[in-house]
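A short worksheet on the structure shown next.
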Amino acid sequence: MSDDLVFSDEHSGADQAKHLTPWQVLVVDDDPAVHEVTKLVMAGFEMDGRTLEFSHCYSSAQAREMLAARNDIALILLDVVMETDNAGLVLARYIREELRNLNVRIVLRTGQPGQAPEEQVIRDYDINDYKEKTDLTRRKLITVFYASLRGYRDLMRIERARQGLRRSIEAIGQI
């Protein structure tokens with residue numbers, strides 16, 4: 001028997017963060033500059049040791065295709081006016097009612113608030129926040145990301161707990 005001590009490798013928090021899956025963020029806007037500015041402003045953002053990974057759609061039709069194929073999007077930054085004056089609102093309803101995705105956080109961003117009055121939109125559509133593009137400073141956008149991603153994270157925790165409880169109940173029933 002050897003008296004040599006063996007130590008496990010130490011990993012810094014930064015090393016561990018590199019192995020965590022990034023938060024998936026979808027930007028849906030017909031203006032390419034909005035996509036670029038969003039990525040630039042949010043560069044370096046991290047929450048719970050996870051960075052951001054952006055996907056980009058330039059129409060509600062593109063977003064429909066992507067969202068039908070993926071269920072890992074945590075946050076959608078959604079423009080109202082694209083192919084039509086209410087394309088973003090129609091997409092929000094599609095996400096909630098047809099895809100039945102109640103977990104993704106949807107933040108409506110509009111450059112034309114008259115097209116989608118805030119009070120009506122919040123009341124009639126299952127979105128999580130409403131922002132005018134002109135009001136979104138870097139600080140406010142960071143706040144939107146923290147609030148939205150925390151909401152998504154907490155919903156996912158509840159969902160995992162619910163699934164674990166269901167498995168426990170099924171196992172007890174088999175005993």
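A note on labels: chains of the structure tokens are A, B, ... as shown, every chain counts residues from 1, and ligands are counted from 1 in their shown order.
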- Hey, what does DSSP flag as helix (DSSP H, G or I) within region 72-165 of chain A? Can you give it to me as a PyMOL selection string? chain A and resi 87-98+118-124+133-135+138-165
Output the selection as an mmCIF file, in the first residue's frame - C-alpha atoms for each residue.
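See out_8.cif below for the written result:
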data_model
loop_
_atom_site.group_PDB
_atom_site.id
_atom_site.type_symbol
_atom_site.label_atom_id
_atom_site.label_comp_id
_atom_site.auth_asym_id
_atom_site.auth_seq_id
_atom_site.Cartn_x
_atom_site.Cartn_y
_atom_site.Cartn_z
ATOM 1 C CA ALA A 87 -46.846 39.602 -37.362
ATOM 2 C CA GLY A 88 -45.185 39.495 -33.933
ATOM 3 C CA LEU A 89 -48.509 39.323 -32.105
ATOM 4 C CA VAL A 90 -49.687 36.498 -34.347
ATOM 5 C CA LEU A 91 -46.410 34.685 -33.663
ATOM 6 C CA ALA A 92 -46.797 35.145 -29.896
ATOM 7 C CA ARG A 93 -50.270 33.599 -30.054
ATOM 8 C CA TYR A 94 -48.906 30.722 -32.206
ATOM 9 C CA ILE A 95 -46.149 30.025 -29.636
ATOM 10 C CA ARG A 96 -48.561 29.913 -26.703
ATOM 11 C CA GLU A 97 -51.652 28.341 -28.265
ATOM 12 C CA GLU A 98 -50.453 26.084 -31.077
ATOM 13 C CA GLU A 118 -49.073 48.312 -24.555
ATOM 14 C CA GLU A 119 -52.127 47.878 -22.342
ATOM 15 C CA GLN A 120 -54.065 45.977 -24.998
ATOM 16 C CA VAL A 121 -51.108 43.748 -25.886
ATOM 17 C CA ILE A 122 -50.338 42.865 -22.268
ATOM 18 C CA ARG A 123 -54.019 42.094 -21.669
ATOM 19 C CA ASP A 124 -54.746 40.117 -24.852
ATOM 20 C CA LYS A 133 -37.109 50.030 -28.879
ATOM 21 C CA THR A 134 -36.299 53.684 -28.243
ATOM 22 C CA ASP A 135 -36.544 53.091 -24.471
ATOM 23 C CA ARG A 138 -28.103 48.904 -22.344
ATOM 24 C CA ARG A 139 -29.002 48.906 -18.643
ATOM 25 C CA LYS A 140 -32.700 48.267 -19.326
ATOM 26 C CA LEU A 141 -31.904 45.473 -21.783
ATOM 27 C CA ILE A 142 -29.674 43.780 -19.209
ATOM 28 C CA THR A 143 -32.521 44.050 -16.682
ATOM 29 C CA VAL A 144 -34.895 42.461 -19.208
ATOM 30 C CA PHE A 145 -32.465 39.576 -19.706
ATOM 31 C CA TYR A 146 -32.012 38.929 -15.985
ATOM 32 C CA ALA A 147 -35.736 39.049 -15.248
ATOM 33 C CA SER A 148 -36.693 36.903 -18.237
ATOM 34 C CA LEU A 149 -33.998 34.285 -17.800
ATOM 35 C CA ARG A 150 -34.712 33.986 -14.080
ATOM 36 C CA GLY A 151 -38.375 33.417 -14.868
ATOM 37 C CA TYR A 152 -37.494 30.756 -17.429
ATOM 38 C CA ARG A 153 -34.979 29.115 -15.073
ATOM 39 C CA ASP A 154 -37.558 28.931 -12.288
ATOM 40 C CA LEU A 155 -40.219 27.485 -14.593
ATOM 41 C CA MET A 156 -37.745 24.811 -15.704
ATOM 42 C CA ARG A 157 -36.959 23.955 -12.066
ATOM 43 C CA ILE A 158 -40.663 23.532 -11.337
ATOM 44 C CA GLU A 159 -41.082 21.388 -14.447
ATOM 45 C CA ARG A 160 -38.169 19.125 -13.457
ATOM 46 C CA ALA A 161 -39.572 18.785 -9.921
ATOM 47 C CA ARG A 162 -42.995 17.943 -11.339
ATOM 48 C CA GLN A 163 -41.504 15.261 -13.583
ATOM 49 C CA GLY A 164 -39.505 13.827 -10.667
ATOM 50 C CA LEU A 165 -42.633 13.701 -8.531
#
- Got a sec to tell me which of chain A DSSP assigns to strand (DSSP E), as a VMD selection string? chain A and resid 23 to 28 52 to 57 75 to 79 105 to 110 129 to 132
- Query: Leaving out region 110-112 of chain A and any residue of its chain fewer than 5 positions from it, which residues lie within 9 Å of it when counting only C-alpha atoms, given as a PyMOL selection string?
  - Reply: chain A and resi 78-81+130-134
Restricted to C-alpha atoms, what would the selected residues look like written as a CSV table (one decimal), in the first residue's frame?
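Output (result_37.csv):
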chain,number,residue,atom,x,y,z
A,78,LEU,CA,-39.9,39.8,-30.7
A,79,ASP,CA,-40.7,42.7,-33.0
A,80,VAL,CA,-44.4,43.4,-33.7
A,81,VAL,CA,-44.2,44.9,-37.2
A,130,TYR,CA,-43.4,45.0,-23.6
A,131,LYS,CA,-40.6,47.5,-24.5
A,132,GLU,CA,-40.4,50.3,-27.0
A,133,LYS,CA,-37.1,50.0,-28.9
A,134,THR,CA,-36.3,53.7,-28.2
- Task: Identify, on the basis of only C-alpha atoms, every residue whose closest approach to Met66 (chain A) does not exceed 12 Å; exclude the query and any residue fewer than 3 positions from it along the same chain; express the result as a PyMOL selection string.
- Result: chain A and resi 26-28+55-63+69-73+76+91+95+99
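As for CA of Met42 (chain A) and CA of Leu136 (chain A), they are spaced 12.2 Å apart.
Between Val104 (chain A) and the residues A:Glu65, A:Glu36, A:Asp126, A:Glu53, the shortest atom-to-atom distance, using only C-alpha atoms, involves A:Asp126.
Nearest-residue note for Val34 (chain A): choosing from A:Ile106, A:Leu77, A:Ile175, A:Ile127, the minimum distance belongs to A:Leu77, counting only C-alpha atoms.
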